[in-house]
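Data from final.csv: CSV, C-alpha atoms
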chain,number,residue,atom,x,y,z
A,15,MET,CA,61.9,6.7,38.1
A,16,LYS,CA,60.0,6.3,34.9
A,17,ALA,CA,59.0,2.8,35.8
A,18,GLN,CA,57.9,3.9,39.3
A,19,ASN,CA,55.6,6.5,37.8
A,20,HIS,CA,54.2,3.9,35.4
A,21,ASN,CA,53.5,1.5,38.3
A,22,LYS,CA,51.7,4.3,40.3
A,23,MET,CA,49.6,5.1,37.3
A,24,ARG,CA,48.6,1.4,36.9
A,25,GLN,CA,47.6,1.3,40.5
A,26,TRP,CA,45.4,4.3,40.1
A,27,VAL,CA,43.8,2.9,37.0
A,28,GLY,CA,43.1,-0.4,39.0
A,29,ARG,CA,41.5,1.5,41.8
A,30,LEU,CA,39.4,3.6,39.5
A,31,THR,CA,38.1,0.5,37.7
A,32,VAL,CA,37.1,-1.1,41.0
A,33,VAL,CA,35.3,2.0,42.1
A,34,THR,CA,33.5,2.2,38.7
A,35,LEU,CA,32.4,-1.4,38.8
A,36,PHE,CA,31.1,-1.0,42.3
A,37,ALA,CA,29.2,2.1,41.4
A,38,THR,CA,27.7,0.3,38.3
A,39,ALA,CA,26.6,-2.6,40.5
A,40,LEU,CA,25.0,-0.2,43.0
A,41,PHE,CA,23.1,1.6,40.2
A,42,SER,CA,21.8,-1.7,38.7
A,43,LEU,CA,20.6,-2.8,42.1
A,44,ALA,CA,18.7,0.5,42.4
A,45,ALA,CA,17.3,0.0,38.9
A,46,VAL,CA,16.0,-3.5,39.8
A,47,ALA,CA,14.1,-2.0,42.7
A,48,GLY,CA,12.1,0.2,40.4
A,49,VAL,CA,12.2,-1.3,36.9
A,50,PRO,CA,10.0,0.8,34.7
A,51,VAL,CA,7.6,-1.8,33.3
A,52,PRO,CA,5.8,-0.7,30.1
A,53,ASP,CA,2.2,0.2,30.7
A,54,ILE,CA,0.6,-1.6,27.8
A,55,PRO,CA,-2.7,-0.1,26.8
A,56,LYS,CA,-5.7,-2.4,26.8
A,57,ALA,CA,-7.3,-3.1,23.4
A,58,ILE,CA,-10.9,-2.1,22.7
A,59,HIS,CA,-12.9,-5.3,22.1
A,60,SER,CA,-15.2,-4.1,19.5
A,61,ILE,CA,-13.6,-5.8,16.5
A,62,GLU,CA,-13.6,-9.6,17.0
A,63,GLY,CA,-15.0,-10.9,20.2
A,64,THR,CA,-13.1,-10.3,23.4
A,65,GLN,CA,-9.7,-11.7,22.5
A,66,CYS,CA,-6.8,-10.8,20.2
A,67,VAL,CA,-6.6,-12.5,16.8
A,68,GLU,CA,-4.2,-15.0,18.5
A,69,LYS,CA,-3.3,-15.8,22.1
A,70,PRO,CA,-1.5,-12.8,23.7
A,71,SER,CA,1.5,-15.0,24.5
A,72,PHE,CA,1.7,-16.0,20.9
A,73,MET,CA,1.3,-12.5,19.6
A,74,ILE,CA,4.0,-11.1,21.9
A,75,ARG,CA,6.6,-13.4,20.3
A,76,ASN,CA,5.2,-13.7,16.8
A,77,HIS,CA,3.3,-10.6,15.8
A,78,MET,CA,6.2,-9.6,13.5
A,79,LYS,CA,6.2,-12.9,11.7
A,80,ILE,CA,2.4,-12.7,11.2
A,81,LEU,CA,2.7,-9.1,9.8
A,82,PHE,CA,5.6,-10.1,7.6
A,83,HIS,CA,3.6,-13.0,6.2
A,84,GLN,CA,0.6,-10.9,5.7
A,85,ARG,CA,2.5,-8.1,3.9
A,86,LYS,CA,3.9,-10.5,1.4
A,87,GLU,CA,0.5,-12.1,0.7
A,88,THR,CA,-1.2,-8.7,0.4
A,89,VAL,CA,1.3,-6.8,-1.7
A,90,HIS,CA,2.2,-9.6,-4.1
A,91,GLU,CA,-0.8,-11.8,-4.2
A,92,GLY,CA,-3.6,-9.4,-3.4
A,93,ILE,CA,-4.8,-11.5,-0.4
A,94,ARG,CA,-6.7,-9.0,1.7
A,95,THR,CA,-7.9,-10.9,4.7
A,96,LYS,CA,-8.5,-8.6,7.6
A,97,LYS,CA,-7.6,-10.9,10.5
A,98,HIS,CA,-3.8,-10.4,10.5
A,99,SER,CA,-3.7,-7.0,8.9
A,100,LEU,CA,-1.8,-4.1,10.4
A,101,LYS,CA,-4.9,-2.1,10.1
A,102,ASN,CA,-6.7,-4.6,12.3
A,103,CYS,CA,-3.9,-4.2,14.9
A,104,PHE,CA,-4.2,-0.5,15.4
A,105,THR,CA,-8.0,-0.5,15.0
A,106,CYS,CA,-8.4,-2.7,18.0
A,107,HIS,CA,-5.4,-1.4,20.0
A,108,VAL,CA,-6.3,2.2,19.5
A,109,VAL,CA,-5.1,4.7,22.1
A,110,LYS,CA,-7.1,7.9,22.4
A,111,GLY,CA,-5.4,11.2,23.5
A,112,ALA,CA,-6.7,14.0,25.7
A,113,ASP,CA,-8.7,15.3,22.8
A,114,GLY,CA,-10.5,12.0,22.3
A,115,GLN,CA,-8.7,11.4,19.0
A,116,PRO,CA,-6.6,8.4,18.3
A,117,VAL,CA,-2.9,9.1,18.9
A,118,THR,CA,-0.4,8.6,16.1
A,119,PHE,CA,2.9,6.8,16.2
A,120,LYS,CA,4.5,10.1,17.0
A,121,ASN,CA,3.0,10.0,20.4
A,122,PRO,CA,4.9,7.8,22.9
A,123,LYS,CA,1.5,6.4,24.2
A,124,HIS,CA,0.8,4.7,20.8
A,125,PHE,CA,0.2,1.0,21.4
A,126,CYS,CA,3.2,-0.1,19.3
A,127,ARG,CA,5.5,2.4,20.8
A,128,VAL,CA,4.9,1.5,24.4
A,129,CYS,CA,6.7,-1.8,24.1
A,130,HIS,CA,9.0,-0.9,21.2
A,131,ASP,CA,10.4,2.2,23.1
A,132,TYR,CA,10.9,0.0,26.1
A,133,ALA,CA,12.7,-2.7,24.2
A,134,ALA,CA,14.6,-0.1,22.1
A,135,VAL,CA,13.5,-1.8,18.9
A,136,GLN,CA,12.9,0.6,16.1
A,137,ILE,CA,10.0,-0.2,13.7
A,138,ASP,CA,9.7,1.4,10.2
A,139,CYS,CA,6.1,0.4,9.5
A,140,PHE,CA,4.6,3.8,10.1
A,141,GLN,CA,7.0,5.7,7.8
A,142,CYS,CA,4.6,4.5,5.1
A,143,HIS,CA,1.6,3.1,6.8
A,144,THR,CA,-0.9,5.2,8.8
A,145,SER,CA,-0.8,4.4,12.5
A,146,VAL,CA,-4.4,5.4,13.3
A,147,PRO,CA,-7.8,4.0,12.3
A,148,GLY,CA,-10.1,6.2,10.2
A,149,ASN,CA,-7.6,7.1,7.5
A,150,ASP,CA,-9.3,4.9,4.9
A,151,LYS,CA,-11.7,7.3,3.5
A,152,PRO,CA,-10.7,9.8,0.8
A,153,LEU,CA,-10.8,13.4,1.8
A,154,GLY,CA,-13.6,14.1,-0.7
A,155,LYS,CA,-17.0,12.6,-0.8
A,156,MET,CA,-16.2,10.1,-3.5
A,157,GLU,CA,-17.2,7.1,-1.4
A,158,ASP,CA,-20.6,8.7,-0.8
A,159,GLU,CA,-21.2,9.4,-4.5
A,160,LEU,CA,-21.0,5.8,-5.3
B,30,MET,CA,2.7,-30.8,15.9
B,31,THR,CA,3.7,-27.3,17.1
B,32,TYR,CA,1.2,-24.6,18.0
B,33,GLU,CA,2.0,-22.8,14.8
B,34,ASP,CA,1.4,-25.9,12.6
B,35,LYS,CA,-1.8,-26.5,14.4
B,36,HIS,CA,-2.8,-22.9,13.9
B,37,GLN,CA,-1.9,-23.0,10.3
B,38,GLU,CA,-4.0,-26.2,9.7
B,39,ASP,CA,-7.0,-24.6,11.5
B,40,ASP,CA,-6.7,-21.6,9.3
B,41,ASN,CA,-6.5,-23.6,6.2
B,42,GLN,CA,-9.6,-25.5,7.1
B,43,ILE,CA,-11.4,-22.3,7.9
B,44,ASP,CA,-10.2,-20.8,4.6
B,45,ALA,CA,-11.5,-23.8,2.6
B,46,TYR,CA,-14.8,-23.5,4.3
B,47,ARG,CA,-15.0,-19.8,3.8
B,48,ARG,CA,-14.0,-20.1,0.1
B,49,LYS,CA,-16.8,-22.6,-0.5
B,50,LEU,CA,-19.3,-20.4,1.3
B,51,LEU,CA,-18.2,-17.2,-0.4
B,52,GLY,CA,-18.2,-18.8,-3.8
B,53,GLY,CA,-21.8,-20.0,-3.3
B,54,SER,CA,-23.0,-16.7,-2.0
B,55,ALA,CA,-21.2,-14.7,-4.7
B,56,VAL,CA,-23.2,-16.7,-7.3
B,57,LEU,CA,-26.4,-16.1,-5.5
B,58,ALA,CA,-25.7,-12.3,-5.2
B,59,GLY,CA,-24.8,-12.2,-8.9
B,60,ALA,CA,-28.1,-13.9,-9.8
B,61,ALA,CA,-30.1,-11.5,-7.6
B,62,THR,CA,-28.6,-8.2,-8.8
B,63,LEU,CA,-28.2,-8.9,-12.5
B,64,GLY,CA,-31.2,-9.4,-14.6
B,65,PRO,CA,-31.2,-11.6,-17.7
B,66,GLY,CA,-29.0,-10.1,-20.4
B,67,VAL,CA,-27.7,-7.4,-18.2
B,68,PHE,CA,-23.9,-7.4,-17.6
B,69,PHE,CA,-21.8,-5.4,-15.4
B,70,THR,CA,-18.9,-5.8,-17.8
B,71,SER,CA,-16.9,-2.7,-16.7
B,72,ILE,CA,-17.0,-3.7,-13.0
B,73,ALA,CA,-14.5,-6.2,-11.8
B,74,ARG,CA,-15.8,-9.4,-10.4
B,75,ALA,CA,-14.9,-9.5,-6.7
B,76,LYS,CA,-12.6,-12.3,-5.8
B,77,PRO,CA,-12.7,-13.8,-2.3
B,78,ALA,CA,-10.3,-11.8,-0.1
B,79,ASP,CA,-8.3,-14.9,0.8
B,80,GLU,CA,-7.7,-16.0,-2.8
B,81,PRO,CA,-4.5,-14.9,-4.6
B,82,VAL,CA,-4.8,-12.9,-7.9
B,83,SER,CA,-4.5,-15.0,-11.0
B,84,SER,CA,-3.0,-14.6,-14.4
B,85,LYS,CA,-6.3,-15.5,-16.0
B,86,VAL,CA,-7.2,-11.9,-15.5
B,87,ARG,CA,-5.3,-9.0,-17.0
B,88,TRP,CA,-6.5,-5.5,-15.9
B,89,GLY,CA,-6.2,-2.6,-18.2
B,90,PHE,CA,-7.7,0.7,-19.4
B,91,LEU,CA,-9.0,1.8,-22.8
B,92,ILE,CA,-8.9,5.6,-22.9
B,93,ASP,CA,-10.9,7.5,-25.5
B,94,THR,CA,-9.1,10.8,-26.0
B,95,ASN,CA,-12.0,12.1,-28.1
B,96,LYS,CA,-14.1,12.1,-25.0
B,97,CYS,CA,-11.4,13.5,-22.8
B,98,LYS,CA,-12.2,17.2,-22.3
B,99,ASP,CA,-9.8,20.2,-22.2
B,100,ASN,CA,-9.5,21.8,-18.8
B,101,CYS,CA,-10.9,18.8,-17.0
B,102,ASP,CA,-8.7,17.0,-14.5
B,103,LYS,CA,-11.3,15.1,-12.5
B,104,CYS,CA,-9.4,11.9,-13.0
B,105,VAL,CA,-6.3,13.5,-11.5
B,106,THR,CA,-8.0,15.0,-8.5
B,107,ALA,CA,-9.9,11.7,-7.9
B,108,CYS,CA,-6.6,9.9,-7.8
B,109,GLU,CA,-5.1,12.5,-5.5
B,110,LYS,CA,-8.0,12.2,-3.1
B,111,GLU,CA,-8.1,8.4,-3.2
B,112,ASN,CA,-4.4,7.8,-2.6
B,113,ALA,CA,-3.6,11.0,-0.7
B,114,TRP,CA,-1.0,12.7,-2.9
B,115,GLY,CA,-0.8,16.1,-4.5
B,116,THR,CA,-3.9,18.1,-3.5
B,117,GLY,CA,-5.2,15.1,-1.6
B,118,SER,CA,-2.4,15.4,1.0
B,119,ALA,CA,-1.1,18.3,3.1
B,120,ASP,CA,2.2,16.5,3.9
B,121,GLU,CA,4.3,17.4,0.9
B,122,GLN,CA,5.0,21.1,1.6
B,123,HIS,CA,8.7,21.4,0.9
B,124,SER,CA,9.1,19.6,-2.5
B,125,ARG,CA,9.3,21.6,-5.7
B,126,PRO,CA,6.4,21.0,-8.1
B,127,ASP,CA,8.7,18.9,-10.3
B,128,GLN,CA,9.7,16.8,-7.3
B,129,LYS,CA,6.2,16.1,-6.0
B,130,ALA,CA,4.4,12.8,-6.6
B,131,GLN,CA,2.5,12.5,-9.9
B,132,TRP,CA,0.7,9.3,-10.3
B,133,ILE,CA,-1.5,10.5,-13.2
B,134,ARG,CA,-1.2,13.6,-15.3
B,135,LYS,CA,-3.2,15.3,-18.0
B,136,VAL,CA,-1.2,15.7,-21.2
B,137,THR,CA,-2.3,18.0,-24.0
B,138,LEU,CA,-1.0,17.3,-27.5
B,139,ARG,CA,-1.3,20.1,-30.1
B,140,ASP,CA,-1.1,19.5,-33.8
B,141,LYS,CA,1.2,22.3,-35.1
B,142,THR,CA,-0.4,22.4,-38.5
B,143,THR,CA,-4.1,22.4,-37.6
B,144,GLY,CA,-4.0,23.6,-34.0
B,145,HIS,CA,-6.1,20.6,-33.0
B,146,LYS,CA,-5.7,19.7,-29.3
B,147,THR,CA,-5.9,16.2,-28.0
B,148,ASN,CA,-6.2,15.6,-24.2
B,149,LEU,CA,-5.3,12.4,-22.5
B,150,PRO,CA,-4.6,11.2,-19.0
B,151,LEU,CA,-1.2,9.5,-18.7
B,152,MET,CA,-0.4,7.1,-15.9
B,153,CYS,CA,1.6,3.9,-15.4
B,154,GLN,CA,0.8,1.9,-18.6
B,155,HIS,CA,1.1,-1.5,-16.7
B,156,CYS,CA,3.3,-3.1,-19.3
B,157,ALA,CA,3.4,-6.8,-19.7
B,158,TYR,CA,7.2,-6.4,-20.1
B,159,PRO,CA,7.9,-3.6,-17.7
B,160,PRO,CA,11.3,-1.9,-18.0
B,161,CYS,CA,11.0,-0.8,-14.3
B,162,VAL,CA,10.9,-4.4,-13.2
B,163,ASP,CA,13.8,-5.3,-15.4
B,164,VAL,CA,16.1,-2.7,-13.9
B,165,CYS,CA,15.0,-3.0,-10.2
B,166,PRO,CA,18.0,-4.2,-8.3
B,167,THR,CA,16.0,-5.4,-5.2
B,168,GLY,CA,12.9,-6.9,-6.8
B,169,ALA,CA,10.7,-4.2,-5.3
B,170,SER,CA,9.3,-3.3,-8.7
B,171,PHE,CA,7.2,-6.2,-9.7
B,172,LYS,CA,4.3,-7.2,-11.9
B,173,ARG,CA,1.4,-8.9,-10.2
B,174,ALA,CA,-0.1,-12.0,-11.7
B,175,ASP,CA,-3.1,-10.0,-13.0
B,176,GLY,CA,-0.8,-7.6,-14.8
B,177,ILE,CA,-0.7,-4.7,-12.3
B,178,VAL,CA,2.8,-3.2,-12.0
B,179,LEU,CA,3.5,-2.2,-8.4
B,180,VAL,CA,6.3,-1.2,-6.1
B,181,ASP,CA,6.8,-3.3,-3.0
B,182,LYS,CA,7.8,-0.4,-0.7
B,183,HIS,CA,9.0,-2.8,1.9
B,184,ILE,CA,11.9,-3.7,-0.4
B,185,CYS,CA,12.4,-0.5,-2.3
B,186,ILE,CA,15.6,1.2,-1.5
B,187,GLY,CA,14.8,4.4,-3.4
B,188,CYS,CA,17.5,4.1,-6.0
B,189,ARG,CA,15.1,5.5,-8.6
B,190,TYR,CA,16.5,3.3,-11.4
B,191,CYS,CA,13.0,2.5,-12.4
B,192,MET,CA,12.2,6.2,-12.8
B,193,MET,CA,15.0,6.4,-15.3
B,194,ALA,CA,13.8,3.2,-17.1
B,195,CYS,CA,10.1,4.1,-17.5
B,196,PRO,CA,9.4,5.6,-20.9
B,197,TYR,CA,6.2,7.2,-19.6
B,198,LYS,CA,7.7,9.1,-16.7
B,199,ALA,CA,5.0,7.4,-14.6
B,200,ARG,CA,7.0,7.1,-11.4
B,201,SER,CA,7.7,9.5,-8.6
B,202,PHE,CA,9.9,9.5,-5.6
B,203,VAL,CA,8.7,10.7,-2.2
B,204,HIS,CA,11.1,13.3,-0.7
B,205,GLU,CA,9.4,14.1,2.5
B,206,ASP,CA,8.1,12.6,5.7
B,207,LEU,CA,4.4,11.8,5.4
B,208,GLU,CA,1.9,11.3,8.1
B,209,HIS,CA,-1.6,11.2,6.6
B,210,GLN,CA,-1.5,8.3,4.3
B,211,ARG,CA,-4.6,6.2,3.5
B,212,SER,CA,-4.6,2.8,5.3
B,213,PHE,CA,-5.0,1.1,1.9
B,214,SER,CA,-2.4,3.2,0.1
B,215,PRO,CA,0.8,3.3,2.1
B,216,ARG,CA,3.4,5.7,0.8
B,217,GLY,CA,6.5,7.1,2.4
B,218,LYS,CA,9.8,9.0,2.2
B,219,GLY,CA,12.6,7.3,0.3
B,220,THR,CA,10.5,5.0,-1.9
B,221,VAL,CA,9.3,5.2,-5.4
B,222,GLU,CA,5.6,5.1,-6.3
B,223,SER,CA,3.3,5.2,-9.2
B,224,CYS,CA,-0.3,4.4,-10.3
B,225,ASN,CA,-1.2,1.1,-8.7
B,226,LEU,CA,-4.4,0.8,-10.7
B,227,CYS,CA,-6.2,1.2,-7.4
B,228,VAL,CA,-5.3,-2.4,-6.4
B,229,HIS,CA,-7.2,-2.0,-3.1
B,230,ARG,CA,-10.4,-1.2,-5.1
B,231,VAL,CA,-9.8,-3.8,-7.8
B,232,ASP,CA,-9.3,-6.6,-5.3
B,233,ASN,CA,-12.6,-5.6,-3.8
B,234,GLY,CA,-14.4,-5.7,-7.1
B,235,ARG,CA,-14.5,-2.0,-7.7
B,236,ILE,CA,-13.1,0.1,-10.5
B,237,PRO,CA,-10.1,2.5,-10.1
B,238,ALA,CA,-10.9,6.0,-8.8
B,239,CYS,CA,-10.0,7.8,-12.1
B,240,ALA,CA,-12.3,5.7,-14.2
B,241,GLU,CA,-15.1,6.2,-11.7
B,242,ALA,CA,-14.6,9.9,-11.6
B,243,CYS,CA,-14.4,10.6,-15.3
B,244,PRO,CA,-17.7,12.5,-16.2
B,245,ASP,CA,-17.3,11.7,-19.9
B,246,LYS,CA,-16.6,8.0,-19.5
B,247,ALA,CA,-13.4,8.4,-21.3
B,248,ILE,CA,-11.6,5.8,-19.2
B,249,LEU,CA,-12.9,2.3,-19.4
B,250,PHE,CA,-11.5,-0.3,-17.0
B,251,GLY,CA,-11.7,-4.0,-17.5
B,252,ASN,CA,-10.3,-7.4,-17.9
B,253,LEU,CA,-8.4,-7.6,-21.2
B,254,ASN,CA,-8.3,-11.4,-21.0
B,255,ASP,CA,-12.0,-11.9,-20.9
B,256,PRO,CA,-13.3,-11.8,-24.5
B,257,ASN,CA,-16.8,-11.0,-23.2
B,258,SER,CA,-15.7,-7.9,-21.3
B,259,GLU,CA,-16.7,-4.5,-22.7
B,260,ILE,CA,-13.0,-3.4,-22.9
B,261,ALA,CA,-12.0,-6.5,-24.8
B,262,GLN,CA,-14.9,-6.2,-27.2
B,263,ARG,CA,-14.3,-2.6,-27.9
B,264,MET,CA,-10.6,-3.2,-28.4
B,265,ALA,CA,-11.5,-6.0,-30.8
B,266,THR,CA,-13.9,-3.8,-32.8
B,267,GLU,CA,-12.5,-0.3,-32.5
B,268,PRO,CA,-9.0,1.0,-33.4
B,269,SER,CA,-6.7,1.8,-30.4
B,270,THR,CA,-3.0,2.3,-30.0
B,271,GLU,CA,-0.3,2.0,-27.5
B,272,ILE,CA,1.9,5.0,-26.7
B,273,ARG,CA,5.4,4.2,-27.8
B,274,GLY,CA,4.1,0.9,-29.2
B,275,ASP,CA,7.5,0.6,-30.9
B,276,LEU,CA,9.0,-0.4,-27.6
B,277,MET,CA,7.0,-3.6,-27.8
B,278,LEU,CA,6.1,-3.5,-24.1
B,279,ASP,CA,2.5,-4.9,-24.5
B,280,LEU,CA,0.8,-2.2,-22.5
B,281,GLY,CA,-2.2,-2.6,-20.3
B,282,VAL,CA,-3.4,0.9,-21.2
B,283,ARG,CA,-4.5,1.7,-24.8
B,284,TYR,CA,-5.6,5.0,-26.3
B,285,GLN,CA,-8.2,5.9,-29.0
B,286,GLY,CA,-8.0,9.0,-31.1
B,287,ILE,CA,-4.2,9.7,-31.0

Now that the file is in, can you turn its structure into structure tokens?
Amino acid sequence: MKAQNHNKMRQWVGRLTVVTLFATALFSLAAVAGVPVPDIPKAIHSIEGTQCVEKPSFMIRNHMKILFHQRKETVHEGIRTKKHSLKNCFTCHVVKGADGQPVTFKNPKHFCRVCHDYAAVQIDCFQCHTSVPGNDKPLGKMEDEL
Amino acid sequence: MTYEDKHQEDDNQIDAYRRKLLGGSAVLAGAATLGPGVFFTSIARAKPADEPVSSKVRWGFLIDTNKCKDNCDKCVTACEKENAWGTGSADEQHSRPDQKAQWIRKVTLRDKTTGHKTNLPLMCQHCAYPPCVDVCPTGASFKRADGIVLVDKHICIGCRYCMMACPYKARSFVHEDLEHQRSFSPRGKGTVESCNLCVHRVDNGRIPACAEACPDKAILFGNLNDPNSEIAQRMATEPSTEIRGDLMLDLGVRYQGI
């Protein structure tokens, strides 16, 4: 009797698995029909010509390597070239909100977040770094006093 | 040759060209602005942006406490504004005053017998043999080739061992989420920070914010390794002391009148 019950249960588990698999397949098909492609904001071209500091195809794969390289050079060796700096990234790829002000990393529309949210890759850059241009002047008028 | 190699080679060529051009123009600019016999000794010589810092230079301060006024904290507020901490930032709202960042502080010494007060600004002393670097378990705390002691916040794990090791209480820990940092002075929760001798300014040939803001010229910034610099000449001819010189840390900051 016990064995029979056990067999019945196994049958049910089998059926349930098949149904679940089928449902998953169905859902994936539906997803393929309407994949939410990230809507990458266009850069403003006022910084350096009309093209990113490198080819877009290169940047998509290697921007993290470039930033990593730059960070080591800047922090440890004091090399402060602008071309591959994080600041240069978000200055050119600035996204303005409804109020005309650049949106910070808190906003899902921020250039970096659009792709990183999509790919579910967390970045920690903006825990310390500012994510918007224009934060490089002290609050006071010290720069003007010079 | 891969794309990356090619790109690197191109960059190197451009850098070499740029260095040559910048070197030439820097000399021209120097000749144009400085008259004969006029020296900008207190102002750092701008290095090309693509050149690494070198150990030929050692940056430091000479602080004359006789010129440092009571009830004046312009150096502190200038640092706060420049690097967005303390009153220069609205982000740290929940920390207690003793938890908040303090890159530079005014210290008042009072002679118990005479009642004489001595004021001095105290910040990271940029030791040649920094204890914070010795104890750092990750290598985040480091000394740059030009003597500036810094925290690489990318590597800092916030253990605060360096805060314990520093004899000058110069380091702080950030306890809160921050949002309004300066682009040139990144700081964030979970990392240790301290006076960075305004590296972003120094690398661009400017003097640190505190030295610039001092109305009484009590803080002199300069290159200790250059015998012709004002700071080196004054140190050679006038008496100055290190705070806790007994620790033999060879400080980059020296004081007069204490």

Within 9 Å of chain B, which residues belong to chain A? Use all atoms listed in the file and report them as a PDB file with C-alpha atoms, keeping the file's coordinate frame.
ATOM      1  CA  ARG A  85       2.500  -8.100   3.900  1.00  0.00           C
ATOM      2  CA  LYS A  86       3.900 -10.500   1.400  1.00  0.00           C
ATOM      3  CA  GLU A  87       0.500 -12.100   0.700  1.00  0.00           C
ATOM      4  CA  THR A  88      -1.200  -8.700   0.400  1.00  0.00           C
ATOM      5  CA  VAL A  89       1.300  -6.800  -1.700  1.00  0.00           C
ATOM      6  CA  HIS A  90       2.200  -9.600  -4.100  1.00  0.00           C
ATOM      7  CA  GLU A  91      -0.800 -11.800  -4.200  1.00  0.00           C
ATOM      8  CA  GLY A  92      -3.600  -9.400  -3.400  1.00  0.00           C
ATOM      9  CA  ILE A  93      -4.800 -11.500  -0.400  1.00  0.00           C
ATOM     10  CA  ARG A  94      -6.700  -9.000   1.700  1.00  0.00           C
ATOM     11  CA  THR A  95      -7.900 -10.900   4.700  1.00  0.00           C
ATOM     12  CA  LYS A  96      -8.500  -8.600   7.600  1.00  0.00           C
ATOM     13  CA  LYS A 101      -4.900  -2.100  10.100  1.00  0.00           C
ATOM     14  CA  THR A 118      -0.400   8.600  16.100  1.00  0.00           C
ATOM     15  CA  CYS A 139       6.100   0.400   9.500  1.00  0.00           C
ATOM     16  CA  PHE A 140       4.600   3.800  10.100  1.00  0.00           C
ATOM     17  CA  GLN A 141       7.000   5.700   7.800  1.00  0.00           C
ATOM     18  CA  CYS A 142       4.600   4.500   5.100  1.00  0.00           C
ATOM     19  CA  HIS A 143       1.600   3.100   6.800  1.00  0.00           C
ATOM     20  CA  THR A 144      -0.900   5.200   8.800  1.00  0.00           C
ATOM     21  CA  SER A 145      -0.800   4.400  12.500  1.00  0.00           C
ATOM     22  CA  VAL A 146      -4.400   5.400  13.300  1.00  0.00           C
ATOM     23  CA  PRO A 147      -7.800   4.000  12.300  1.00  0.00           C
ATOM     24  CA  GLY A 148     -10.100   6.200  10.200  1.00  0.00           C
ATOM     25  CA  ASN A 149      -7.600   7.100   7.500  1.00  0.00           C
ATOM     26  CA  ASP A 150      -9.300   4.900   4.900  1.00  0.00           C
ATOM     27  CA  LYS A 151     -11.700   7.300   3.500  1.00  0.00           C
ATOM     28  CA  PRO A 152     -10.700   9.800   0.800  1.00  0.00           C
ATOM     29  CA  LEU A 153     -10.800  13.400   1.800  1.00  0.00           C
ATOM     30  CA  GLY A 154     -13.600  14.100  -0.700  1.00  0.00           C
ATOM     31  CA  MET A 156     -16.200  10.100  -3.500  1.00  0.00           C
ATOM     32  CA  LEU A 160     -21.000   5.800  -5.300  1.00  0.00           C
TER      33      LEU A 160
END

(request) Measure the distance from CA of Val136 (chain B) to CA of Gly115 (chain B) in Å and round it to one decimal. (result)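 CA of Val136 (chain B) sits 16.7 Å away from CA of Gly115 (chain B).
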
(request) Find the residues with any atom within 6 Å of (-11.1, 2.2, -18.0); use all atoms listed in the file and the coordinates as given in the file, and write the answer as a VMD selection string. (result) chain B and resid 90 to 91 240 248 to 250

(message) Here is a test: counting only C-alpha atoms, which residue of A:Arg24, A:Lys97, A:Lys79, A:His130 is nearest to Cys66 (chain A)?
(response)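 Smallest separation from Cys66 (chain A) among the options: A:Lys97.
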
(request) Select, from B:Lys246, B:Lys129, B:Asp120, B:Ser223, the residue with the minimum atom-to-atom distance to Ser170 (chain B), counting all atoms listed in the file. (result) B:Ser223

Around all the atoms of region 120-137 of chain A listed in the file, draw an axis-aligned box and extend it by 3 Å on each of the six sides; I want its centre and edge lengths in Å to one decimal, as AutoDock Vina command-line options.
--center_x 7.4 --center_y 3.7 --center_z 19.9 --size_x 20.4 --size_y 18.8 --size_z 18.4

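Between CA of Ser84 (chain B) and CA of Gly187 (chain B) the separation is 28.3 Å.
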
(request) Just the residues within 9 Å of Ile272 (chain B), please, counting all atoms listed in the file, with nothing from its chain fewer than 2 positions along; format it as a ChimeraX atom specification. (result) /B:154,197,270,274-276,280,282-284,287

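Interatomic distance, CA of Pro237 (chain B) against CA of Pro256 (chain B): 20.5 Å.
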
(request) Select, from B:Glu259, B:Leu149, B:His204, B:Leu253, the residue with the minimum atom-to-atom distance to Pro126 (chain B), counting only C-alpha atoms. (result) B:His204
